[in-house]
file work14.pdb (PDB, C-alpha atoms, pLDDT in the B column)
ATOM      1  CA  MET W   1     -66.391 243.892  -9.780  1.00 43.00           C
ATOM      2  CA  GLU W   2     -67.914 243.563 -13.238  1.00 48.00           C
ATOM      3  CA  GLY W   3     -65.832 244.923 -16.040  1.00 48.00           C
ATOM      4  CA  ILE W   4     -62.487 244.665 -14.226  1.00 52.00           C
ATOM      5  CA  LYS W   5     -59.824 244.220 -16.845  1.00 57.00           C
ATOM      6  CA  THR W   6     -57.558 241.244 -16.388  1.00 59.00           C
ATOM      7  CA  THR W   7     -54.245 240.864 -18.122  1.00 72.00           C
ATOM      8  CA  LEU W   8     -54.389 238.093 -20.655  1.00 76.00           C
ATOM      9  CA  PRO W   9     -51.232 236.175 -21.497  1.00 84.00           C
ATOM     10  CA  ALA W  10     -49.606 236.925 -24.841  1.00 86.00           C
ATOM     11  CA  ALA W  11     -50.403 233.374 -25.997  1.00 89.00           C
ATOM     12  CA  ILE W  12     -54.148 233.983 -25.499  1.00 88.00           C
ATOM     13  CA  ARG W  13     -53.967 237.298 -27.365  1.00 86.00           C
ATOM     14  CA  LEU W  14     -52.067 235.536 -30.167  1.00 90.00           C
ATOM     15  CA  MET W  15     -54.696 232.787 -30.340  1.00 91.00           C
ATOM     16  CA  GLY W  16     -57.350 235.514 -30.503  1.00 90.00           C
ATOM     17  CA  MET W  17     -55.929 237.082 -33.676  1.00 91.00           C
ATOM     18  CA  PRO W  18     -57.874 234.828 -36.091  1.00 92.00           C
ATOM     19  CA  ALA W  19     -61.082 235.567 -34.155  1.00 91.00           C
ATOM     20  CA  ASN W  20     -60.400 239.316 -34.366  1.00 88.00           C
ATOM     21  CA  LEU W  21     -59.813 239.056 -38.104  1.00 90.00           C
ATOM     22  CA  LEU W  22     -63.014 237.068 -38.614  1.00 91.00           C
ATOM     23  CA  ARG W  23     -64.958 239.459 -36.377  1.00 88.00           C
ATOM     24  CA  ALA W  24     -63.701 242.448 -38.403  1.00 87.00           C
ATOM     25  CA  PHE W  25     -64.793 240.867 -41.692  1.00 89.00           C
ATOM     26  CA  VAL W  26     -68.195 239.829 -40.367  1.00 91.00           C
ATOM     27  CA  VAL W  27     -69.148 243.209 -38.916  1.00 89.00           C
ATOM     28  CA  ARG W  28     -67.905 245.102 -41.978  1.00 89.00           C
ATOM     29  CA  ASN W  29     -70.271 243.186 -44.204  1.00 92.00           C
ATOM     30  CA  PRO W  30     -73.290 245.492 -44.735  1.00 92.00           C
ATOM     31  CA  THR W  31     -75.664 242.584 -44.192  1.00 92.00           C
ATOM     32  CA  TYR W  32     -74.449 242.471 -40.565  1.00 90.00           C
ATOM     33  CA  ALA W  33     -76.094 245.831 -39.848  1.00 91.00           C
ATOM     34  CA  ILE W  34     -79.306 244.757 -41.569  1.00 91.00           C
ATOM     35  CA  ARG W  35     -79.396 241.487 -39.603  1.00 90.00           C
ATOM     36  CA  GLN W  36     -78.898 243.439 -36.375  1.00 89.00           C
ATOM     37  CA  VAL W  37     -81.865 245.651 -37.226  1.00 92.00           C
ATOM     38  CA  VAL W  38     -84.002 242.524 -37.608  1.00 90.00           C
ATOM     39  CA  ARG W  39     -82.656 240.470 -34.682  1.00 87.00           C
ATOM     40  CA  ASP W  40     -82.181 243.149 -32.006  1.00 87.00           C
ATOM     41  CA  PRO W  41     -85.719 244.627 -32.112  1.00 89.00           C
ATOM     42  CA  LEU W  42     -87.278 241.230 -31.533  1.00 86.00           C
ATOM     43  CA  ASN W  43     -84.916 240.644 -28.616  1.00 82.00           C
ATOM     44  CA  ALA W  44     -85.614 244.123 -27.196  1.00 84.00           C
ATOM     45  CA  TRP W  45     -89.352 243.687 -27.606  1.00 85.00           C
ATOM     46  CA  LEU W  46     -89.220 240.426 -25.647  1.00 81.00           C
ATOM     47  CA  THR W  47     -86.800 241.529 -22.915  1.00 79.00           C
ATOM     48  CA  THR W  48     -87.456 245.246 -22.368  1.00 82.00           C
ATOM     49  CA  GLY W  49     -91.122 245.511 -23.266  1.00 84.00           C
ATOM     50  CA  THR W  50     -90.783 248.380 -25.702  1.00 88.00           C
ATOM     51  CA  ASP W  51     -93.994 249.582 -27.287  1.00 89.00           C
ATOM     52  CA  ALA W  52     -92.351 250.190 -30.673  1.00 90.00           C
ATOM     53  CA  VAL W  53     -93.175 248.107 -33.745  1.00 90.00           C
ATOM     54  CA  PRO W  54     -90.306 245.611 -33.690  1.00 87.00           C
ATOM     55  CA  VAL W  55     -88.417 245.662 -36.996  1.00 93.00           C
ATOM     56  CA  LEU W  56     -90.019 248.687 -38.626  1.00 94.00           C
ATOM     57  CA  SER W  57     -89.074 251.187 -35.910  1.00 94.00           C
ATOM     58  CA  SER W  58     -85.425 250.080 -35.944  1.00 94.00           C
ATOM     59  CA  MET W  59     -85.241 250.256 -39.741  1.00 95.00           C
ATOM     60  CA  LYS W  60     -86.635 253.796 -39.575  1.00 95.00           C
ATOM     61  CA  GLU W  61     -84.089 254.728 -36.896  1.00 95.00           C
ATOM     62  CA  LEU W  62     -81.233 253.219 -38.950  1.00 94.00           C
ATOM     63  CA  ALA W  63     -82.314 255.310 -41.952  1.00 95.00           C
ATOM     64  CA  ASN W  64     -82.262 258.437 -39.750  1.00 95.00           C
ATOM     65  CA  MET W  65     -78.798 257.518 -38.463  1.00 93.00           C
ATOM     66  CA  VAL W  66     -77.383 256.964 -41.942  1.00 93.00           C
ATOM     67  CA  ALA W  67     -78.857 260.305 -43.051  1.00 94.00           C
ATOM     68  CA  GLY W  68     -77.341 262.008 -39.982  1.00 91.00           C
ATOM     69  CA  ARG W  69     -80.717 263.024 -38.547  1.00 93.00           C
ATOM     70  CA  SER W  70     -80.830 260.927 -35.384  1.00 92.00           C
ATOM     71  CA  GLU W  71     -80.785 262.989 -32.205  1.00 93.00           C
ATOM     72  CA  ALA W  72     -81.049 259.770 -30.170  1.00 93.00           C
ATOM     73  CA  GLU W  73     -77.831 258.425 -31.727  1.00 90.00           C
ATOM     74  CA  ARG W  74     -75.985 261.620 -30.812  1.00 90.00           C
ATOM     75  CA  LYS W  75     -77.226 261.508 -27.202  1.00 91.00           C
ATOM     76  CA  LEU W  76     -76.425 257.817 -26.802  1.00 90.00           C
ATOM     77  CA  MET W  77     -72.931 258.311 -28.253  1.00 86.00           C
ATOM     78  CA  GLU W  78     -72.256 261.251 -25.916  1.00 86.00           C
ATOM     79  CA  ALA W  79     -73.399 259.210 -22.927  1.00 87.00           C
ATOM     80  CA  GLY W  80     -71.395 256.134 -23.939  1.00 79.00           C
ATOM     81  CA  ALA W  81     -74.562 254.035 -23.987  1.00 78.00           C
ATOM     82  CA  ILE W  82     -73.842 252.539 -27.397  1.00 78.00           C
ATOM     83  CA  SER W  83     -71.722 249.448 -27.289  1.00 61.00           C
ATOM     84  CA  SER W  84     -71.200 247.088 -30.150  1.00 59.00           C
ATOM     85  CA  ASN W  85     -69.202 244.253 -31.631  1.00 57.00           C
ATOM     86  CA  VAL W  86     -67.242 246.802 -33.691  1.00 60.00           C
ATOM     87  CA  TYR W  87     -65.528 248.788 -30.948  1.00 60.00           C
ATOM     88  CA  SER W  88     -65.084 247.584 -27.417  1.00 56.00           C
ATOM     89  CA  GLY W  89     -63.472 250.728 -26.008  1.00 55.00           C
ATOM     90  CA  ASP W  90     -60.378 248.866 -24.861  1.00 59.00           C
ATOM     91  CA  GLU W  91     -56.762 250.007 -25.113  1.00 63.00           C
ATOM     92  CA  GLN W  92     -56.373 248.562 -28.625  1.00 65.00           C
ATOM     93  CA  ASP W  93     -59.324 250.610 -29.904  1.00 62.00           C
ATOM     94  CA  MET W  94     -57.992 253.785 -28.299  1.00 62.00           C
ATOM     95  CA  ALA W  95     -54.544 253.210 -29.836  1.00 69.00           C
ATOM     96  CA  LYS W  96     -56.159 252.666 -33.242  1.00 66.00           C
ATOM     97  CA  PHE W  97     -58.195 255.882 -32.926  1.00 62.00           C
ATOM     98  CA  ILE W  98     -55.079 257.889 -32.016  1.00 65.00           C
ATOM     99  CA  LYS W  99     -53.116 256.349 -34.891  1.00 67.00           C
ATOM    100  CA  ASP W 100     -55.945 257.085 -37.345  1.00 64.00           C
ATOM    101  CA  VAL W 101     -56.218 260.691 -36.206  1.00 59.00           C
ATOM    102  CA  SER W 102     -52.475 261.343 -36.279  1.00 63.00           C
ATOM    103  CA  ALA W 103     -51.849 259.711 -39.664  1.00 67.00           C
ATOM    104  CA  GLY W 104     -53.596 260.440 -42.922  1.00 65.00           C
ATOM    105  CA  ARG W 105     -56.021 257.714 -43.884  1.00 67.00           C
ATOM    106  CA  SER W 106     -56.055 256.117 -47.299  1.00 74.00           C
ATOM    107  CA  GLY W 107     -59.159 255.498 -49.389  1.00 78.00           C
ATOM    108  CA  TRP W 108     -59.229 251.895 -48.162  1.00 80.00           C
ATOM    109  CA  ASP W 109     -59.133 253.022 -44.525  1.00 78.00           C
ATOM    110  CA  LYS W 110     -61.929 255.507 -45.164  1.00 80.00           C
ATOM    111  CA  ALA W 111     -64.053 252.801 -46.790  1.00 84.00           C
ATOM    112  CA  MET W 112     -63.458 250.477 -43.827  1.00 83.00           C
ATOM    113  CA  ALA W 113     -64.364 253.318 -41.445  1.00 81.00           C
ATOM    114  CA  ARG W 114     -67.656 253.846 -43.298  1.00 86.00           C
ATOM    115  CA  LEU W 115     -68.434 250.124 -43.023  1.00 88.00           C
ATOM    116  CA  ASP W 116     -67.559 250.208 -39.303  1.00 85.00           C
ATOM    117  CA  THR W 117     -69.860 253.201 -38.838  1.00 87.00           C
ATOM    118  CA  PHE W 118     -72.726 251.427 -40.614  1.00 91.00           C
ATOM    119  CA  ALA W 119     -72.221 248.341 -38.430  1.00 89.00           C
ATOM    120  CA  MET W 120     -72.277 250.490 -35.279  1.00 88.00           C
ATOM    121  CA  GLN W 121     -75.431 252.204 -36.499  1.00 91.00           C
ATOM    122  CA  GLY W 122     -77.011 248.799 -37.089  1.00 91.00           C
ATOM    123  CA  ASP W 123     -76.146 247.862 -33.499  1.00 87.00           C
ATOM    124  CA  ALA W 124     -77.349 251.232 -32.200  1.00 90.00           C
ATOM    125  CA  ALA W 125     -80.658 251.514 -34.085  1.00 93.00           C
ATOM    126  CA  THR W 126     -82.628 249.363 -31.666  1.00 92.00           C
ATOM    127  CA  ARG W 127     -80.917 250.959 -28.686  1.00 91.00           C
ATOM    128  CA  ALA W 128     -82.128 254.347 -29.948  1.00 94.00           C
ATOM    129  CA  VAL W 129     -85.659 252.936 -30.183  1.00 94.00           C
ATOM    130  CA  VAL W 130     -85.409 251.632 -26.588  1.00 93.00           C
ATOM    131  CA  TYR W 131     -84.105 255.046 -25.474  1.00 95.00           C
ATOM    132  CA  LYS W 132     -86.972 256.918 -27.152  1.00 95.00           C
ATOM    133  CA  ASP W 133     -89.497 254.417 -25.749  1.00 95.00           C
ATOM    134  CA  SER W 134     -88.077 254.910 -22.257  1.00 94.00           C
ATOM    135  CA  LEU W 135     -88.402 258.679 -22.483  1.00 95.00           C
ATOM    136  CA  ALA W 136     -91.950 258.322 -23.862  1.00 95.00           C
ATOM    137  CA  LYS W 137     -92.843 256.188 -20.833  1.00 95.00           C
ATOM    138  CA  GLY W 138     -91.813 259.027 -18.514  1.00 96.00           C
ATOM    139  CA  MET W 139     -88.399 257.775 -17.440  1.00 95.00           C
ATOM    140  CA  THR W 140     -85.709 260.286 -16.598  1.00 95.00           C
ATOM    141  CA  GLU W 141     -82.788 260.753 -18.984  1.00 93.00           C
ATOM    142  CA  GLN W 142     -80.549 258.684 -16.705  1.00 93.00           C
ATOM    143  CA  GLU W 143     -83.087 255.860 -16.378  1.00 94.00           C
ATOM    144  CA  ALA W 144     -83.565 255.813 -20.155  1.00 92.00           C
ATOM    145  CA  LEU W 145     -79.801 255.628 -20.725  1.00 91.00           C
ATOM    146  CA  LEU W 146     -79.438 252.793 -18.205  1.00 89.00           C
ATOM    147  CA  ARG W 147     -82.330 250.840 -19.723  1.00 88.00           C
ATOM    148  CA  THR W 148     -80.795 251.330 -23.163  1.00 88.00           C
ATOM    149  CA  LEU W 149     -77.340 250.243 -22.072  1.00 83.00           C
ATOM    150  CA  GLU W 150     -78.619 247.179 -20.246  1.00 79.00           C
ATOM    151  CA  SER W 151     -80.770 246.036 -23.180  1.00 79.00           C
ATOM    152  CA  MET W 152     -77.567 244.501 -24.612  1.00 73.00           C
ATOM    153  CA  ASN W 153     -74.396 245.541 -22.820  1.00 68.00           C
ATOM    154  CA  PHE W 154     -71.362 244.289 -24.740  1.00 66.00           C
ATOM    155  CA  SER W 155     -68.990 246.150 -22.438  1.00 65.00           C
ATOM    156  CA  ARG W 156     -69.759 243.792 -19.544  1.00 68.00           C
ATOM    157  CA  ARG W 157     -67.020 241.226 -19.201  1.00 66.00           C
ATOM    158  CA  GLY W 158     -67.163 239.786 -15.703  1.00 70.00           C
ATOM    159  CA  VAL W 159     -64.125 238.744 -13.689  1.00 74.00           C
ATOM    160  CA  SER W 160     -63.579 235.157 -14.804  1.00 80.00           C
ATOM    161  CA  PRO W 161     -60.211 234.923 -16.584  1.00 81.00           C
ATOM    162  CA  SER W 162     -61.303 231.774 -18.428  1.00 84.00           C
ATOM    163  CA  MET W 163     -64.451 233.475 -19.781  1.00 84.00           C
ATOM    164  CA  GLN W 164     -62.384 236.481 -20.857  1.00 82.00           C
ATOM    165  CA  ALA W 165     -59.912 234.202 -22.627  1.00 85.00           C
ATOM    166  CA  LEU W 166     -62.763 232.426 -24.415  1.00 87.00           C
ATOM    167  CA  SER W 167     -64.212 235.800 -25.369  1.00 85.00           C
ATOM    168  CA  VAL W 168     -60.910 236.742 -27.003  1.00 84.00           C
ATOM    169  CA  MET W 169     -60.605 233.462 -28.911  1.00 88.00           C
ATOM    170  CA  ILE W 170     -64.229 232.857 -29.972  1.00 88.00           C
ATOM    171  CA  PRO W 171     -65.851 235.496 -32.200  1.00 85.00           C
ATOM    172  CA  PHE W 172     -69.040 236.996 -30.704  1.00 85.00           C
ATOM    173  CA  PHE W 173     -68.786 234.778 -27.612  1.00 86.00           C
ATOM    174  CA  ASN W 174     -69.340 237.719 -25.246  1.00 78.00           C
ATOM    175  CA  ALA W 175     -72.380 238.817 -27.273  1.00 77.00           C
ATOM    176  CA  GLN W 176     -73.894 235.354 -26.849  1.00 78.00           C
ATOM    177  CA  ILE W 177     -73.191 235.331 -23.118  1.00 83.00           C
ATOM    178  CA  GLN W 178     -74.680 238.823 -22.697  1.00 76.00           C
ATOM    179  CA  GLY W 179     -77.770 237.811 -24.692  1.00 75.00           C
ATOM    180  CA  LEU W 180     -78.325 234.811 -22.443  1.00 79.00           C
ATOM    181  CA  ASP W 181     -77.732 236.971 -19.369  1.00 77.00           C
ATOM    182  CA  VAL W 182     -80.388 239.484 -20.472  1.00 71.00           C
ATOM    183  CA  LEU W 183     -82.885 236.666 -21.002  1.00 72.00           C
ATOM    184  CA  TYR W 184     -82.035 235.150 -17.627  1.00 78.00           C
ATOM    185  CA  ARG W 185     -82.304 238.449 -15.715  1.00 73.00           C
ATOM    186  CA  ASP W 186     -85.655 239.313 -17.348  1.00 65.00           C
ATOM    187  CA  ARG W 187     -87.372 235.999 -16.815  1.00 60.00           C
TER     188      ARG W 187
END
call {"tool": "encode", "arguments": {"input": "work14.pdb", "output": "C-alpha coordinates"}}
result
Amino acid sequence: MEGIKTTLPAAIRLMGMPANLLRAFVVRNPTYAIRQVVRDPLNAWLTTGTDAVPVLSSMKELANMVAGRSEAERKLMEAGAISSNVYSGDEQDMAKFIKDVSAGRSGWDKAMARLDTFAMQGDAATRAVVYKDSLAKGMTEQEALLRTLESMNFSRRGVSPSMQALSVMIPFFNAQIQGLDVLYRDR
(Lines of atoms letter the chains of each structure in order from A and count residues from 1; the text may use other names and numbers.)
(Lines give C-alpha, C1' and ligand atoms only; values in the text may rest on other atoms or scores of the structure.)
Protein backbone atom coordinates (compact mmCIF):
# COMPACT_ATOMS: atom_id res chain seq x y z
CA MET A 1 0.00 0.00 0.00
CA GLU A 2 2.99 2.32 0.31
CA GLY A 3 3.26 4.94 -2.35
CA ILE A 4 -0.44 4.96 -3.28
CA LYS A 5 -1.24 8.39 -4.60
CA THR A 6 -4.14 10.15 -2.93
CA THR A 7 -5.92 13.10 -4.43
CA LEU A 8 -5.22 16.21 -2.43
CA PRO A 9 -7.80 18.98 -2.34
CA ALA A 10 -7.05 22.10 -4.37
CA ALA A 11 -6.82 24.11 -1.13
CA ILE A 12 -3.96 21.90 0.12
CA ARG A 13 -2.13 22.19 -3.22
CA LEU A 14 -2.62 25.97 -3.07
CA MET A 15 -1.24 26.10 0.48
CA GLY A 16 1.73 24.04 -0.74
CA MET A 17 2.78 26.61 -3.36
CA PRO A 18 4.98 28.66 -0.98
CA ALA A 19 6.67 25.44 0.19
CA ASN A 20 7.32 24.41 -3.42
CA LEU A 21 8.82 27.81 -4.18
CA LEU A 22 11.05 27.68 -1.10
CA ARG A 23 12.05 24.09 -1.88
CA ALA A 24 13.02 25.09 -5.45
CA PHE A 25 15.22 27.94 -4.21
CA VAL A 26 16.88 25.85 -1.52
CA VAL A 27 17.82 22.92 -3.76
CA ARG A 28 19.04 25.20 -6.55
CA ASN A 29 21.57 26.78 -4.25
CA PRO A 30 24.90 25.04 -5.00
CA THR A 31 25.64 24.75 -1.29
CA TYR A 32 22.68 22.34 -1.04
CA ALA A 33 24.55 19.74 -3.09
CA ILE A 34 27.71 20.22 -1.04
CA ARG A 35 25.78 19.87 2.23
CA GLN A 36 24.19 16.67 0.92
CA VAL A 37 27.63 15.25 0.16
CA VAL A 38 28.62 15.90 3.78
CA ARG A 39 25.38 14.89 5.52
CA ASP A 40 24.32 11.84 3.49
CA PRO A 41 27.59 9.86 3.77
CA LEU A 42 27.53 10.08 7.55
CA ASN A 43 23.92 8.92 7.55
CA ALA A 44 24.69 6.09 5.11
CA TRP A 45 27.74 5.03 7.09
CA LEU A 46 25.63 4.77 10.25
CA THR A 47 22.56 3.12 8.73
CA THR A 48 23.84 0.93 5.88
CA GLY A 49 27.30 0.02 7.13
CA THR A 50 29.18 1.01 4.01
CA ASP A 51 32.92 0.49 4.10
CA ALA A 52 33.64 3.70 2.18
CA VAL A 53 35.36 6.69 3.78
CA PRO A 54 32.35 8.84 4.67
CA VAL A 55 32.67 12.31 3.14
CA LEU A 56 35.69 11.77 0.91
CA SER A 57 34.19 8.96 -1.17
CA SER A 58 31.01 10.95 -1.85
CA MET A 59 32.98 14.06 -2.82
CA LYS A 60 35.01 11.94 -5.25
CA GLU A 61 31.81 10.45 -6.69
CA LEU A 62 30.24 13.92 -7.05
CA ALA A 63 33.33 15.10 -8.97
CA ASN A 64 32.99 12.08 -11.29
CA MET A 65 29.29 12.84 -11.81
CA VAL A 66 29.91 16.50 -12.63
CA ALA A 67 32.63 15.46 -15.09
CA GLY A 68 30.26 12.92 -16.67
CA ARG A 69 32.43 9.93 -15.76
CA SER A 70 30.20 8.13 -13.27
CA GLU A 71 29.03 4.73 -14.48
CA ALA A 72 27.20 4.23 -11.16
CA GLU A 73 25.13 7.39 -11.74
CA ARG A 74 24.09 6.15 -15.18
CA LYS A 75 23.08 2.72 -13.83
CA LEU A 76 21.17 4.19 -10.90
CA MET A 77 19.34 6.65 -13.18
CA GLU A 78 18.38 3.85 -15.60
CA ALA A 79 17.07 1.74 -12.73
CA GLY A 80 15.16 4.63 -11.14
CA ALA A 81 17.08 4.17 -7.90
CA ILE A 82 17.94 7.85 -7.57
CA SER A 83 15.32 9.87 -5.81
CA SER A 84 15.78 13.36 -4.53
CA ASN A 85 14.20 16.53 -3.24
CA VAL A 86 14.50 18.03 -6.74
CA TYR A 87 12.23 15.72 -8.72
CA SER A 88 9.62 13.50 -7.19
CA GLY A 89 8.48 11.78 -10.39
CA ASP A 90 4.88 12.87 -9.94
CA GLU A 91 2.50 14.14 -12.61
CA GLN A 92 3.68 17.75 -12.20
CA ASP A 93 7.30 16.74 -12.90
CA MET A 94 6.29 14.73 -15.96
CA ALA A 95 4.24 17.66 -17.31
CA LYS A 96 7.20 19.98 -16.76
CA PHE A 97 9.56 17.60 -18.59
CA ILE A 98 7.19 17.37 -21.57
CA LYS A 99 6.76 21.15 -21.66
CA ASP A 100 10.54 21.68 -21.50
CA VAL A 101 11.17 19.20 -24.30
CA SER A 102 8.44 20.57 -26.57
CA ALA A 103 9.32 24.25 -26.08
CA GLY A 104 12.68 25.89 -26.55
CA ARG A 105 14.33 26.74 -23.27
CA SER A 106 15.76 30.15 -22.51
CA GLY A 107 19.16 30.80 -20.98
CA TRP A 108 17.51 31.19 -17.57
CA ASP A 109 15.79 27.82 -17.90
CA LYS A 110 19.05 26.18 -18.93
CA ALA A 111 20.83 27.69 -15.93
CA MET A 112 18.09 26.44 -13.60
CA ALA A 113 18.32 22.99 -15.21
CA ARG A 114 22.08 22.92 -14.55
CA LEU A 115 21.47 23.84 -10.90
CA ASP A 116 18.78 21.13 -10.65
CA THR A 117 21.21 18.60 -12.13
CA PHE A 118 23.92 19.56 -9.64
CA ALA A 119 21.45 19.21 -6.76
CA MET A 120 20.40 15.76 -8.00
CA GLN A 121 24.04 14.75 -8.31
CA GLY A 122 24.63 15.92 -4.74
CA ASP A 123 21.73 13.72 -3.62
CA ALA A 124 22.94 10.82 -5.77
CA ALA A 125 26.65 10.86 -4.89
CA THR A 126 26.27 8.92 -1.66
CA ARG A 127 23.76 6.56 -3.25
CA ALA A 128 26.38 5.75 -5.91
CA VAL A 129 28.88 5.02 -3.13
CA VAL A 130 26.36 2.70 -1.42
CA TYR A 131 25.71 0.99 -4.77
CA LYS A 132 29.42 0.41 -5.43
CA ASP A 133 29.93 -0.80 -1.85
CA SER A 134 27.05 -3.25 -2.24
CA LEU A 135 28.51 -4.70 -5.43
CA ALA A 136 31.96 -4.91 -3.79
CA LYS A 137 30.40 -6.92 -0.94
CA GLY A 138 29.14 -9.51 -3.44
CA MET A 139 25.51 -8.46 -3.67
CA THR A 140 23.65 -9.01 -6.91
CA GLU A 141 22.78 -6.03 -9.09
CA GLN A 142 19.18 -6.13 -7.86
CA GLU A 143 20.19 -6.34 -4.19
CA ALA A 144 22.61 -3.44 -4.66
CA LEU A 145 19.90 -1.32 -6.30
CA LEU A 146 17.43 -2.11 -3.51
CA ARG A 147 19.97 -1.30 -0.79
CA THR A 148 20.77 1.96 -2.57
CA LEU A 149 17.14 2.94 -2.97
CA GLU A 150 16.28 2.13 0.63
CA SER A 151 19.24 4.08 2.03
CA MET A 152 17.05 7.20 1.65
CA ASN A 153 13.87 6.65 -0.34
CA PHE A 154 12.17 9.98 -0.98
CA SER A 155 9.58 8.36 -3.23
CA ARG A 156 7.93 6.61 -0.27
CA ARG A 157 4.85 8.49 0.80
CA GLY A 158 2.65 6.14 2.79
CA VAL A 159 -1.14 6.18 2.72
CA SER A 160 -2.00 8.74 5.39
CA PRO A 161 -3.75 11.70 3.74
CA SER A 162 -2.79 14.00 6.62
CA MET A 163 0.91 13.11 6.29
CA GLN A 164 0.73 13.67 2.53
CA ALA A 165 -0.91 17.05 3.07
CA LEU A 166 1.80 18.02 5.56
CA SER A 167 4.43 16.86 3.09
CA VAL A 168 2.98 19.20 0.46
CA MET A 169 2.84 22.19 2.82
CA ILE A 170 6.10 21.78 4.78
CA PRO A 171 9.35 21.87 2.78
CA PHE A 172 11.48 18.72 3.19
CA PHE A 173 8.96 17.18 5.60
CA ASN A 174 8.96 13.85 3.74
CA ALA A 175 12.77 13.79 3.76
CA GLN A 176 12.74 14.19 7.55
CA ILE A 177 10.15 11.44 7.97
CA GLN A 178 12.10 9.09 5.67
CA GLY A 179 15.33 9.83 7.56
CA LEU A 180 13.69 8.94 10.86
CA ASP A 181 12.17 5.83 9.30
CA VAL A 182 15.58 4.62 8.09
CA LEU A 183 17.03 5.12 11.57
CA TYR A 184 14.09 3.32 13.16
CA ARG A 185 14.21 0.34 10.77
CA ASP A 186 17.99 -0.07 11.21
CA ARG A 187 18.10 0.08 14.98
call {"tool": "closest_residue", "arguments": {"input": "work14.pdb", "among": "W:Leu76, W:Leu183, W:Val26, W:Val55", "to": "Val38 of chain W", "atoms": "only C-alpha atoms"}}
result
W:Val55
call {"tool": "resolve_selection", "arguments": {"input": "work14.pdb", "expression": "the PyMOL selection byres ((chain W and resi 122-138) around 7)", "output": "PyMOL selection string"}}
result
chain W and resi 33-34+36-37+40-41+50-51+57-58+61-62+72-73+82+84+118-121+139-141+144-145+148
call {"tool": "write_last_selection", "arguments": {"input": "work14.pdb", "atoms": "C-alpha atoms", "output": "PDB file, in the frame of the given file"}}
result
ATOM      1  CA  ALA W  33     -76.094 245.831 -39.848  1.00 91.00           C
ATOM      2  CA  ILE W  34     -79.306 244.757 -41.569  1.00 91.00           C
ATOM      3  CA  GLN W  36     -78.898 243.439 -36.375  1.00 89.00           C
ATOM      4  CA  VAL W  37     -81.865 245.651 -37.226  1.00 92.00           C
ATOM      5  CA  ASP W  40     -82.181 243.149 -32.006  1.00 87.00           C
ATOM      6  CA  PRO W  41     -85.719 244.627 -32.112  1.00 89.00           C
ATOM      7  CA  THR W  50     -90.783 248.380 -25.702  1.00 88.00           C
ATOM      8  CA  ASP W  51     -93.994 249.582 -27.287  1.00 89.00           C
ATOM      9  CA  SER W  57     -89.074 251.187 -35.910  1.00 94.00           C
ATOM     10  CA  SER W  58     -85.425 250.080 -35.944  1.00 94.00           C
ATOM     11  CA  GLU W  61     -84.089 254.728 -36.896  1.00 95.00           C
ATOM     12  CA  LEU W  62     -81.233 253.219 -38.950  1.00 94.00           C
ATOM     13  CA  ALA W  72     -81.049 259.770 -30.170  1.00 93.00           C
ATOM     14  CA  GLU W  73     -77.831 258.425 -31.727  1.00 90.00           C
ATOM     15  CA  ILE W  82     -73.842 252.539 -27.397  1.00 78.00           C
ATOM     16  CA  SER W  84     -71.200 247.088 -30.150  1.00 59.00           C
ATOM     17  CA  PHE W 118     -72.726 251.427 -40.614  1.00 91.00           C
ATOM     18  CA  ALA W 119     -72.221 248.341 -38.430  1.00 89.00           C
ATOM     19  CA  MET W 120     -72.277 250.490 -35.279  1.00 88.00           C
ATOM     20  CA  GLN W 121     -75.431 252.204 -36.499  1.00 91.00           C
ATOM     21  CA  MET W 139     -88.399 257.775 -17.440  1.00 95.00           C
ATOM     22  CA  THR W 140     -85.709 260.286 -16.598  1.00 95.00           C
ATOM     23  CA  GLU W 141     -82.788 260.753 -18.984  1.00 93.00           C
ATOM     24  CA  ALA W 144     -83.565 255.813 -20.155  1.00 92.00           C
ATOM     25  CA  LEU W 145     -79.801 255.628 -20.725  1.00 91.00           C
ATOM     26  CA  THR W 148     -80.795 251.330 -23.163  1.00 88.00           C
TER      27      THR W 148
END
call {"tool": "closest_residue", "arguments": {"input": "work14.pdb", "among": "W:Gly179, W:Thr117, W:Leu56, W:Gly16", "to": "Gly68 of chain W", "atoms": "all atoms listed in the file"}}
result
W:Thr117
call {"tool": "closest_residue", "arguments": {"input": "work14.pdb", "among": "W:Ile170, W:Ala81, W:Met59, W:Leu8", "to": "Arg23 of chain W", "atoms": "only C-alpha atoms"}}
result
W:Ile170
call {"tool": "axis_aligned_box", "arguments": {"input": "work14.pdb", "around": "segment 121-129 of chain W", "padding_each_side": "8 Å", "output": "AutoDock Vina command-line options"}}
result
--center_x -80.5 --center_y 251.1 --center_z -32.9 --size_x 26.2 --size_y 22.5 --size_z 24.4
call {"tool": "atom_distance", "arguments": {"input": "work14.pdb", "atom1": "atom CA of Ile177 of chain W", "atom2": "atom CA of Gly80 of chain W"}}
result
20.9 Å
call {"tool": "atom_distance", "arguments": {"input": "work14.pdb", "atom1": "atom CA of Gly49 of chain W", "atom2": "atom CA of Gln176 of chain W"}}
result
20.3 Å
call {"tool": "closest_residue", "arguments": {"input": "work14.pdb", "among": "W:Leu180, W:Leu115, W:Arg185, W:Leu146", "to": "Arg28 of chain W", "atoms": "all atoms listed in the file"}}
result
W:Leu115
call {"tool": "atom_distance", "arguments": {"input": "work14.pdb", "atom1": "atom CA of Arg39 of chain W", "atom2": "atom CA of Leu22 of chain W"}}
result
20.3 Å
call {"tool": "resolve_selection", "arguments": {"input": "work14.pdb", "expression": "the PyMOL selection byres ((chain W and resi 47) around 8)", "output": "list in words"}}
result
Asn43, Ala44, Trp45, Leu46, Thr48, Gly49, Ser151, Val182, Leu183 and Asp186 of chain W
call {"tool": "resolve_selection", "arguments": {"input": "work14.pdb", "expression": "the PyMOL selection byres ((chain W and resi 163) around 12)", "output": "JSON, numbers by chain"}}
result
{"W": [6, 8, 12, 156, 157, 158, 159, 160, 161, 162, 164, 165, 166, 167, 168, 169, 170, 173, 174, 176, 177, 178]}
